[in-house]
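Q: File final-v3.tsv follows (TSV, N, CA and C atoms):
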chain	number	residue	atom	x	y	z
Z	1	MET	N	67.04	64.88	111.28
Z	1	MET	CA	67.02	65.52	112.59
Z	1	MET	C	66.84	67.02	112.36
Z	2	ARG	N	65.88	67.61	113.04
Z	2	ARG	CA	65.59	69.02	112.89
Z	2	ARG	C	65.04	69.56	114.20
Z	3	LEU	N	65.47	70.75	114.56
Z	3	LEU	CA	64.79	71.48	115.61
Z	3	LEU	C	63.93	72.51	114.89
Z	4	TRP	N	62.63	72.32	114.96
Z	4	TRP	CA	61.71	73.24	114.29
Z	4	TRP	C	61.92	74.65	114.84
Z	5	HIS	N	61.63	75.64	114.02
Z	5	HIS	CA	61.70	77.02	114.48
Z	5	HIS	C	60.86	77.14	115.75
Z	6	TYR	N	61.43	77.76	116.77
Z	6	TYR	CA	60.77	77.83	118.08
Z	6	TYR	C	59.35	78.41	118.00
Z	7	ALA	N	59.09	79.33	117.09
Z	7	ALA	CA	57.77	79.96	117.00
Z	7	ALA	C	56.72	79.01	116.45
Z	8	LEU	N	57.14	77.92	115.83
Z	8	LEU	CA	56.19	76.97	115.24
Z	8	LEU	C	55.80	75.84	116.19
Z	9	ILE	N	56.44	75.76	117.32
Z	9	ILE	CA	56.16	74.66	118.24
Z	9	ILE	C	54.66	74.51	118.56
Z	10	PRO	N	53.92	75.60	118.81
Z	10	PRO	CA	52.49	75.44	119.09
Z	10	PRO	C	51.66	74.93	117.90
Z	11	TYR	N	52.23	74.96	116.70
Z	11	TYR	CA	51.49	74.57	115.50
Z	11	TYR	C	51.91	73.20	114.97
Z	12	LEU	N	52.85	72.57	115.63
Z	12	LEU	CA	53.31	71.26	115.16
Z	12	LEU	C	52.24	70.20	115.38
Z	13	PRO	N	52.02	69.36	114.39
Z	13	PRO	CA	51.15	68.21	114.63
Z	13	PRO	C	51.77	67.34	115.73
Z	14	LYS	N	50.95	66.56	116.38
Z	14	LYS	CA	51.41	65.73	117.49
Z	14	LYS	C	52.62	64.88	117.10
Z	15	CYS	N	52.60	64.33	115.92
Z	15	CYS	CA	53.69	63.48	115.45
Z	15	CYS	C	55.03	64.24	115.47
Z	16	GLN	N	55.04	65.47	114.94
Z	16	GLN	CA	56.27	66.26	114.92
Z	16	GLN	C	56.66	66.72	116.33
Z	17	LEU	N	55.67	67.04	117.16
Z	17	LEU	CA	55.96	67.48	118.52
Z	17	LEU	C	56.63	66.36	119.31
Z	18	LEU	N	56.09	65.16	119.21
Z	18	LEU	CA	56.69	64.02	119.92
Z	18	LEU	C	58.07	63.67	119.34
Z	19	ALA	N	58.21	63.80	118.03
Z	19	ALA	CA	59.51	63.55	117.41
Z	19	ALA	C	60.53	64.59	117.90
Z	20	GLN	N	60.05	65.82	118.14
Z	20	GLN	CA	60.93	66.86	118.64
Z	20	GLN	C	61.47	66.49	120.02
Z	21	TRP	N	60.60	65.96	120.86
Z	21	TRP	CA	61.04	65.54	122.19
Z	21	TRP	C	62.05	64.40	122.09
Z	22	ARG	N	61.81	63.44	121.17
Z	22	ARG	CA	62.77	62.34	120.97
Z	22	ARG	C	64.12	62.87	120.49
Z	23	GLU	N	64.08	63.83	119.57
Z	23	GLU	CA	65.33	64.39	119.06
Z	23	GLU	C	66.08	65.16	120.15
Z	24	LEU	N	65.35	65.90	120.95
Z	24	LEU	CA	65.98	66.59	122.07
Z	24	LEU	C	66.62	65.59	123.02
Z	25	ASN	N	65.93	64.51	123.31
Z	25	ASN	CA	66.49	63.49	124.20
Z	25	ASN	C	67.74	62.87	123.62
Z	26	SER	N	67.78	62.71	122.32
Z	26	SER	CA	68.98	62.18	121.68
Z	26	SER	C	70.14	63.16	121.83
Z	27	ILE	N	69.85	64.45	121.69
Z	27	ILE	CA	70.88	65.47	121.91
Z	27	ILE	C	71.33	65.44	123.36
Z	28	PHE	N	70.37	65.38	124.28
Z	28	PHE	CA	70.72	65.37	125.71
Z	28	PHE	C	71.60	64.18	126.05
Z	29	LYS	N	71.29	63.01	125.48
Z	29	LYS	CA	71.99	61.79	125.84
Z	29	LYS	C	73.33	61.63	125.11
Z	30	LYS	N	73.33	61.88	123.79
Z	30	LYS	CA	74.52	61.59	122.99
Z	30	LYS	C	75.22	62.82	122.46
Z	31	GLN	N	74.62	63.98	122.64
Z	31	GLN	CA	75.13	65.22	122.06
Z	31	GLN	C	75.40	65.00	120.57
Z	32	ASP	N	74.34	64.52	119.91
Z	32	ASP	CA	74.39	64.22	118.48
Z	32	ASP	C	74.96	65.37	117.66
Z	33	LYS	N	75.58	64.99	116.59
Z	33	LYS	CA	76.01	65.94	115.56
Z	33	LYS	C	75.21	65.59	114.31
Z	34	HIS	N	74.68	66.59	113.66
Z	34	HIS	CA	73.92	66.41	112.43
Z	34	HIS	C	73.89	67.75	111.73
Z	35	ILE	N	73.97	67.73	110.43
Z	35	ILE	CA	74.05	68.98	109.68
Z	35	ILE	C	72.91	69.95	110.00
Z	36	LEU	N	71.74	69.44	110.34
Z	36	LEU	CA	70.60	70.32	110.61
Z	36	LEU	C	70.56	70.86	112.03
Z	37	ILE	N	71.39	70.33	112.92
Z	37	ILE	CA	71.37	70.83	114.31
Z	37	ILE	C	72.72	71.28	114.84
Z	38	ASN	N	73.77	71.14	114.07
Z	38	ASN	CA	75.11	71.49	114.58
Z	38	ASN	C	75.19	72.91	115.11
Z	39	TYR	N	74.38	73.80	114.60
Z	39	TYR	CA	74.42	75.20	115.04
Z	39	TYR	C	74.13	75.36	116.53
Z	40	ILE	N	73.41	74.42	117.12
Z	40	ILE	CA	73.05	74.58	118.54
Z	40	ILE	C	74.28	74.60	119.43
Z	41	TYR	N	75.37	73.99	118.98
Z	41	TYR	CA	76.58	73.94	119.80
Z	41	TYR	C	77.37	75.25	119.74
Z	42	GLU	N	76.92	76.19	118.90
Z	42	GLU	CA	77.53	77.52	118.86
Z	42	GLU	C	76.93	78.44	119.92
Z	43	TYR	N	75.90	77.99	120.58
Z	43	TYR	CA	75.17	78.79	121.57
Z	43	TYR	C	75.38	78.22	122.97
Z	44	PRO	N	75.16	79.05	124.00
Z	44	PRO	CA	75.19	78.51	125.36
Z	44	PRO	C	74.06	77.50	125.54
Z	45	LYS	N	74.24	76.60	126.46
Z	45	LYS	CA	73.20	75.60	126.73
Z	45	LYS	C	71.87	76.25	127.12
Z	46	ASP	N	71.92	77.48	127.59
Z	46	ASP	CA	70.69	78.20	127.93
Z	46	ASP	C	69.72	78.24	126.75
Z	47	ASP	N	70.25	78.40	125.54
Z	47	ASP	CA	69.37	78.46	124.37
Z	47	ASP	C	68.64	77.14	124.18
Z	48	LEU	N	69.37	76.03	124.33
Z	48	LEU	CA	68.72	74.73	124.20
Z	48	LEU	C	67.73	74.51	125.34
Z	49	LEU	N	68.07	75.01	126.51
Z	49	LEU	CA	67.16	74.90	127.65
Z	49	LEU	C	65.85	75.64	127.36
Z	50	VAL	N	65.95	76.86	126.88
Z	50	VAL	CA	64.75	77.64	126.55
Z	50	VAL	C	63.94	76.91	125.49
Z	51	TYR	N	64.61	76.39	124.48
Z	51	TYR	CA	63.93	75.66	123.42
Z	51	TYR	C	63.23	74.42	124.00
Z	52	ALA	N	63.95	73.65	124.79
Z	52	ALA	CA	63.37	72.43	125.39
Z	52	ALA	C	62.16	72.77	126.25
Z	53	LEU	N	62.25	73.86	127.00
Z	53	LEU	CA	61.12	74.25	127.84
Z	53	LEU	C	59.91	74.66	127.00
Z	54	LYS	N	60.14	75.25	125.86
Z	54	LYS	CA	59.03	75.56	124.96
Z	54	LYS	C	58.35	74.28	124.47
Z	55	VAL	N	59.16	73.28	124.15
Z	55	VAL	CA	58.61	71.99	123.71
Z	55	VAL	C	57.85	71.33	124.85
Z	56	ILE	N	58.45	71.30	126.03
Z	56	ILE	CA	57.80	70.69	127.20
Z	56	ILE	C	56.50	71.40	127.53
Z	57	THR	N	56.49	72.72	127.48
Z	57	THR	CA	55.28	73.49	127.77
Z	57	THR	C	54.17	73.12	126.80
Z	58	GLU	N	54.50	72.97	125.52
Z	58	GLU	CA	53.48	72.61	124.52
Z	58	GLU	C	53.00	71.18	124.72
Z	59	ILE	N	53.90	70.28	125.04
Z	59	ILE	CA	53.52	68.89	125.31
Z	59	ILE	C	52.54	68.84	126.49
Z	60	GLU	N	52.87	69.57	127.54
Z	60	GLU	CA	51.99	69.59	128.72
Z	60	GLU	C	50.66	70.28	128.41
Z	61	ARG	N	50.69	71.36	127.60
Z	61	ARG	CA	49.46	72.06	127.23
Z	61	ARG	C	48.49	71.11	126.51
Z	62	ARG	N	49.05	70.18	125.76
Z	62	ARG	CA	48.22	69.21	125.02
Z	62	ARG	C	47.91	67.96	125.84
Z	63	ASN	N	48.27	67.98	127.10
Z	63	ASN	CA	48.02	66.85	128.00
Z	63	ASN	C	48.67	65.55	127.52
Z	64	ILE	N	49.86	65.68	126.98
Z	64	ILE	CA	50.63	64.51	126.56
Z	64	ILE	C	51.60	64.20	127.70
Z	65	ASN	N	51.71	62.93	128.04
Z	65	ASN	CA	52.54	62.52	129.16
Z	65	ASN	C	53.97	62.24	128.71
Z	66	ILE	N	54.94	62.81	129.40
Z	66	ILE	CA	56.36	62.52	129.17
Z	66	ILE	C	56.77	61.48	130.20
Z	67	ASN	N	57.30	60.36	129.72
Z	67	ASN	CA	57.66	59.27	130.62
Z	67	ASN	C	58.85	59.57	131.51
Z	68	SER	N	59.84	60.27	130.98
Z	68	SER	CA	61.05	60.49	131.75
Z	68	SER	C	61.72	61.80	131.35
Z	69	TYR	N	62.24	62.47	132.35
Z	69	TYR	CA	63.04	63.67	132.14
Z	69	TYR	C	64.51	63.40	132.45
Z	70	LYS	N	64.88	62.14	132.55
Z	70	LYS	CA	66.22	61.75	132.98
Z	70	LYS	C	67.31	62.39	132.11
Z	71	ASN	N	67.22	62.23	130.80
Z	71	ASN	CA	68.26	62.78	129.91
Z	71	ASN	C	68.29	64.30	129.99
Z	72	TYR	N	67.14	64.91	130.07
Z	72	TYR	CA	67.01	66.36	130.22
Z	72	TYR	C	67.70	66.82	131.50
Z	73	ASP	N	67.37	66.17	132.61
Z	73	ASP	CA	67.95	66.54	133.91
Z	73	ASP	C	69.47	66.38	133.91
Z	74	GLU	N	69.96	65.30	133.33
Z	74	GLU	CA	71.41	65.06	133.31
Z	74	GLU	C	72.13	66.07	132.40
Z	75	TYR	N	71.54	66.38	131.28
Z	75	TYR	CA	72.18	67.31	130.34
Z	75	TYR	C	72.31	68.71	130.93
Z	76	PHE	N	71.28	69.14	131.64
Z	76	PHE	CA	71.29	70.50	132.19
Z	76	PHE	C	71.76	70.55	133.64
Z	77	LYS	N	72.27	69.43	134.15
Z	77	LYS	CA	72.78	69.37	135.52
Z	77	LYS	C	73.90	70.39	135.69
Z	78	GLY	N	73.83	71.14	136.77
Z	78	GLY	CA	74.86	72.12	137.06
Z	78	GLY	C	74.68	73.46	136.37
Z	79	ILE	N	73.71	73.56	135.50
Z	79	ILE	CA	73.46	74.84	134.82
Z	79	ILE	C	72.55	75.67	135.71
Z	80	THR	N	72.93	76.90	135.89
Z	80	THR	CA	72.08	77.81	136.64
Z	80	THR	C	70.89	78.16	135.77
Z	81	TYR	N	69.75	77.74	136.22
Z	81	TYR	CA	68.53	77.99	135.44
Z	81	TYR	C	68.12	79.43	135.60
Z	82	ARG	N	68.11	80.14	134.50
Z	82	ARG	CA	67.56	81.48	134.56
Z	82	ARG	C	66.04	81.35	134.49
Z	83	LYS	N	65.36	82.36	134.91
Z	83	LYS	CA	63.91	82.29	134.88
Z	83	LYS	C	63.45	82.13	133.43
Z	84	TYR	N	62.61	81.14	133.21
Z	84	TYR	CA	62.08	80.88	131.88
Z	84	TYR	C	61.00	81.92	131.58
Z	85	ILE	N	61.25	82.66	130.52
Z	85	ILE	CA	60.29	83.67	130.08
Z	85	ILE	C	59.76	83.23	128.73
Z	86	ASN	N	58.46	83.12	128.61
Z	86	ASN	CA	57.84	82.59	127.40
Z	86	ASN	C	58.26	83.33	126.14
Z	87	GLY	N	58.62	84.58	126.24
Z	87	GLY	CA	58.98	85.35	125.07
Z	87	GLY	C	60.42	85.21	124.62
Z	88	GLU	N	61.22	84.42	125.33
Z	88	GLU	CA	62.62	84.27	124.95
Z	88	GLU	C	62.75	83.60	123.59
Z	89	LYS	N	63.74	84.04	122.83
Z	89	LYS	CA	63.94	83.55	121.48
Z	89	LYS	C	65.30	82.87	121.39
Z	90	PRO	N	65.31	81.54	121.43
Z	90	PRO	CA	66.59	80.83	121.37
Z	90	PRO	C	67.18	80.81	119.96
Z	91	PHE	N	68.48	80.61	119.87
Z	91	PHE	CA	69.19	80.44	118.61
Z	91	PHE	C	68.92	81.61	117.65
Z	92	LYS	N	69.04	82.84	118.18
Z	92	LYS	CA	68.57	84.03	117.45
Z	92	LYS	C	69.18	84.22	116.07
Z	93	ASN	N	70.40	83.79	115.85
Z	93	ASN	CA	70.99	83.97	114.52
Z	93	ASN	C	70.59	82.88	113.53
Z	94	HIS	N	70.05	81.79	114.03
Z	94	HIS	CA	69.65	80.69	113.15
Z	94	HIS	C	68.13	80.56	113.03
Z	95	HIS	N	67.42	80.80	114.11
Z	95	HIS	CA	65.96	80.73	114.06
Z	95	HIS	C	65.44	82.10	113.64
Z	96	ASN	N	65.77	82.45	112.40
Z	96	ASN	CA	65.39	83.73	111.84
Z	96	ASN	C	64.20	83.56	110.89
Z	97	ASP	N	63.83	84.62	110.19
Z	97	ASP	CA	62.67	84.55	109.31
Z	97	ASP	C	62.87	83.55	108.16
Z	98	ARG	N	64.08	83.46	107.67
Z	98	ARG	CA	64.36	82.51	106.58
Z	98	ARG	C	64.12	81.07	107.06
Z	99	TYR	N	64.63	80.77	108.24
Z	99	TYR	CA	64.45	79.41	108.78
Z	99	TYR	C	62.98	79.16	109.11
Z	100	LEU	N	62.29	80.18	109.59
Z	100	LEU	CA	60.85	80.06	109.86
Z	100	LEU	C	60.12	79.62	108.59
Z	101	MET	N	60.45	80.26	107.47
Z	101	MET	CA	59.78	79.91	106.22
Z	101	MET	C	60.19	78.52	105.73
Z	102	GLN	N	61.44	78.14	105.91
Z	102	GLN	CA	61.86	76.79	105.54
Z	102	GLN	C	61.04	75.75	106.30
Z	103	CYS	N	60.89	75.98	107.59
Z	103	CYS	CA	60.13	75.04	108.42
Z	103	CYS	C	58.65	75.06	108.04
Z	104	PHE	N	58.12	76.26	107.76
Z	104	PHE	CA	56.72	76.35	107.34
Z	104	PHE	C	56.49	75.54	106.07
Z	105	TYR	N	57.37	75.69	105.07
Z	105	TYR	CA	57.18	74.95	103.82
Z	105	TYR	C	57.30	73.44	104.04
Z	106	ASN	N	58.15	73.04	104.96
Z	106	ASN	CA	58.26	71.62	105.30
Z	106	ASN	C	56.94	71.12	105.89
Z	107	LEU	N	56.38	71.91	106.81
Z	107	LEU	CA	55.09	71.52	107.40
Z	107	LEU	C	53.97	71.58	106.37
Z	108	GLN	N	54.02	72.58	105.50
Z	108	GLN	CA	53.00	72.71	104.46
Z	108	GLN	C	53.00	71.46	103.57
Z	109	GLU	N	54.18	70.98	103.24
Z	109	GLU	CA	54.26	69.76	102.42
Z	109	GLU	C	53.66	68.57	103.16
Z	110	LYS	N	53.92	68.45	104.45
Z	110	LYS	CA	53.35	67.35	105.23
Z	110	LYS	C	51.82	67.42	105.20
Z	111	TYR	N	51.29	68.64	105.35
Z	111	TYR	CA	49.83	68.81	105.29
Z	111	TYR	C	49.31	68.45	103.89
Z	112	ASP	N	49.97	68.99	102.86
Z	112	ASP	CA	49.53	68.75	101.48
Z	112	ASP	C	49.56	67.27	101.12
Z	113	ARG	N	50.48	66.53	101.71
Z	113	ARG	CA	50.60	65.09	101.41
Z	113	ARG	C	49.68	64.24	102.28
Z	114	GLY	N	48.93	64.89	103.17
Z	114	GLY	CA	47.91	64.17	103.93
Z	114	GLY	C	48.38	63.53	105.22
Z	115	GLN	N	49.36	64.14	105.90
Z	115	GLN	CA	49.78	63.57	107.19
Z	115	GLN	C	48.57	63.39	108.08
Z	116	ALA	N	48.39	62.19	108.59
Z	116	ALA	CA	47.16	61.79	109.29
Z	116	ALA	C	46.81	62.69	110.48
Z	117	ASP	N	47.79	63.11	111.26
Z	117	ASP	CA	47.47	63.88	112.46
Z	117	ASP	C	47.57	65.39	112.25
Z	118	PHE	N	47.60	65.82	110.99
Z	118	PHE	CA	47.71	67.25	110.68
Z	118	PHE	C	46.34	67.71	110.18
Z	119	ASP	N	45.50	68.11	111.11
Z	119	ASP	CA	44.13	68.47	110.75
Z	119	ASP	C	44.06	69.89	110.18
Z	120	ILE	N	42.97	70.17	109.52
Z	120	ILE	CA	42.81	71.45	108.84
Z	120	ILE	C	42.81	72.63	109.81
Z	121	ASP	N	42.25	72.46	111.00
Z	121	ASP	CA	42.24	73.56	111.96
Z	121	ASP	C	43.66	73.96	112.37
Z	122	THR	N	44.51	72.98	112.60
Z	122	THR	CA	45.90	73.27	112.95
Z	122	THR	C	46.60	73.95	111.79
Z	123	TYR	N	46.35	73.47	110.58
Z	123	TYR	CA	46.99	74.07	109.42
Z	123	TYR	C	46.51	75.51	109.20
Z	124	ILE	N	45.24	75.77	109.39
Z	124	ILE	CA	44.72	77.14	109.23
Z	124	ILE	C	45.34	78.06	110.28
Z	125	ARG	N	45.48	77.59	111.51
Z	125	ARG	CA	46.15	78.40	112.55
Z	125	ARG	C	47.59	78.69	112.16
Z	126	LEU	N	48.27	77.67	111.61
Z	126	LEU	CA	49.65	77.84	111.16
Z	126	LEU	C	49.73	78.88	110.04
Z	127	GLU	N	48.87	78.77	109.04
Z	127	GLU	CA	48.86	79.74	107.94
Z	127	GLU	C	48.59	81.16	108.45
Z	128	HIS	N	47.65	81.27	109.38
Z	128	HIS	CA	47.32	82.59	109.95
Z	128	HIS	C	48.54	83.16	110.68
Z	129	PHE	N	49.22	82.33	111.45
Z	129	PHE	CA	50.42	82.78	112.16
Z	129	PHE	C	51.46	83.29	111.16
Z	130	ILE	N	51.71	82.52	110.11
Z	130	ILE	CA	52.72	82.89	109.13
Z	130	ILE	C	52.32	84.20	108.44
Z	131	ALA	N	51.07	84.33	108.03
Z	131	ALA	CA	50.61	85.54	107.36
Z	131	ALA	C	50.75	86.75	108.28
Z	132	THR	N	50.36	86.60	109.52
Z	132	THR	CA	50.48	87.68	110.50
Z	132	THR	C	51.93	88.06	110.72
Z	133	HIS	N	52.79	87.04	110.83
Z	133	HIS	CA	54.21	87.27	111.03
Z	133	HIS	C	54.81	88.03	109.84
Z	134	LEU	N	54.44	87.62	108.65
Z	134	LEU	CA	54.97	88.27	107.45
Z	134	LEU	C	54.53	89.74	107.38
Z	135	LEU	N	53.27	89.99	107.75
Z	135	LEU	CA	52.78	91.38	107.74
Z	135	LEU	C	53.51	92.23	108.76
Z	136	SER	N	53.75	91.68	109.93
Z	136	SER	CA	54.41	92.45	110.98
Z	136	SER	C	55.91	92.63	110.68
Z	137	ALA	N	56.49	91.73	109.89
Z	137	ALA	CA	57.90	91.84	109.55
Z	137	ALA	C	58.16	92.88	108.46
Z	138	SER	N	57.11	93.20	107.69
Z	138	SER	CA	57.33	94.16	106.60
Z	138	SER	C	57.17	95.59	107.02
Is it possible to express this structure as structure tokens?
A:
Amino acid sequence: MRLWHYALIPYLPKCQLLAQWRELNSIFKKQDKHILINYIYEYPKDDLLVYALKVITEIERRNININSYKNYDEYFKGITYRKYINGEKPFKNHHNDRYLMQCFYNLQEKYDRGQADFDIDTYIRLEHFIATHLLSAS
């Protein structure tokens, strides 16, 4: 179970993007505990909401159909929705540059091992994003 670094959501292969939605639904329904996601419970639900909206936005941008928002709606029931701003950065102490690189290397390995839905154009965009990010961070 992993929540990919929020900045990588647009670069996830379809398989990882759909898995992300499944994992979010599992959190929404069961409030799962797992070593790779326990940090989310240290933050207000707003952070998970922002993250989920980033995933939903990318799913919709790719014209992928979501069958149900039931778990999402129930989990965030009663929460005052602040205006979703695309530039918001959820989980700021955990989704840092170190975690970005951990996620990048994980995706790089998937590409190197020949993941079927990870095409070269997506990987080149991902590499360009990482290179640009590293330059701007220095």
Q: Check the smallest atom-to-atom distance from each of Z:Met1, Z:Ile130, Z:Ile64, Z:Ile27 to Z:Gln108 using only C-alpha atoms, then report the winner.
A: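 Closest residue, counting only C-alpha atoms: Z:Ile130.
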Q: Just the number, please: distance in Å from atom CA of Z:Pro13 to atom CA of Z:Asp121, one decimal.
A: 10.7 Å
Q: Can you pull out every residue within 6 Å of stretch 30-47 of chain Z, counting all atoms listed in the file, but drop anything in the same chain fewer than 3 positions away, and send it as a list of chain:residue names?
A: Z:Met1, Z:Arg2, Z:Leu3, Z:Asn25, Z:Ser26, Z:Ile27, Z:Val50, Z:Tyr51, Z:Ala52, Z:Pro90, Z:Phe91
Q: So the first atom is atom CA of Z:Leu134 and the second is atom CA of Z:Lys54; what is the distance between them in Å, to one decimal place?
A: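 For atom CA of Z:Leu134 relative to atom CA of Z:Lys54, the distance reads 22.0 Å.
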Q: Would you compute the distance between atom C of Z:Glu23 and atom C of Z:His95? Give it in Å to one decimal.
A: 18.2 Å
Q: Return the single residue from Z:Asn67, Z:Phe76, Z:Gln102, Z:Asp97 that is closest to Z:Ala137, with distances computed using only C-alpha atoms.
A: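 Between Z:Asn67, Z:Phe76, Z:Gln102, Z:Asp97, the residue approaching Z:Ala137 most closely is Z:Asp97.
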Q: Tell me which protein, DNA and RNA residues are within 8 Å of stretch 55-61 of chain Z, counting only N, CA and C atoms, leaving out same-chain ones fewer than 2 positions away, and put them as a list in words.
A: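 Counting only the stated atoms, we get Tyr6, Ile9, Pro10, Leu17, Leu18, Gln20, Trp21, Leu49, Val50, Tyr51, Ala52, Leu53, Asn63, Ile64, Asn65 and Ile66 of chain Z.
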Q: Enumerate as a ChimeraX atom specification all residues of chain Z assigned to alpha helix (DSSP H) by DSSP on the backbone, naming them with the chain letters and numbers the document uses.
A: /Z:14-30,45-61,70-75,97-112,120-137
Q: Could you give me, as a PDB file with N, CA and C atoms, in the coordinates of the input, the residues within 6 Å of Z:Tyr72, counting only C-alpha atoms and dropping anything in the same chain fewer than 3 positions from it?
A:
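Output saved as part-v7.pdb:
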ATOM      1  N   PHE Z  28      70.370  65.380 124.280  1.00  0.00           N
ATOM      2  CA  PHE Z  28      70.720  65.370 125.710  1.00  0.00           C
ATOM      3  C   PHE Z  28      71.600  64.180 126.050  1.00  0.00           C
ATOM      4  N   TYR Z  69      62.240  62.470 132.350  1.00  0.00           N
ATOM      5  CA  TYR Z  69      63.040  63.670 132.140  1.00  0.00           C
ATOM      6  C   TYR Z  69      64.510  63.400 132.450  1.00  0.00           C
ATOM      7  N   TYR Z  75      71.540  66.380 131.280  1.00  0.00           N
ATOM      8  CA  TYR Z  75      72.180  67.310 130.340  1.00  0.00           C
ATOM      9  C   TYR Z  75      72.310  68.710 130.930  1.00  0.00           C
TER      10      TYR Z  75
END
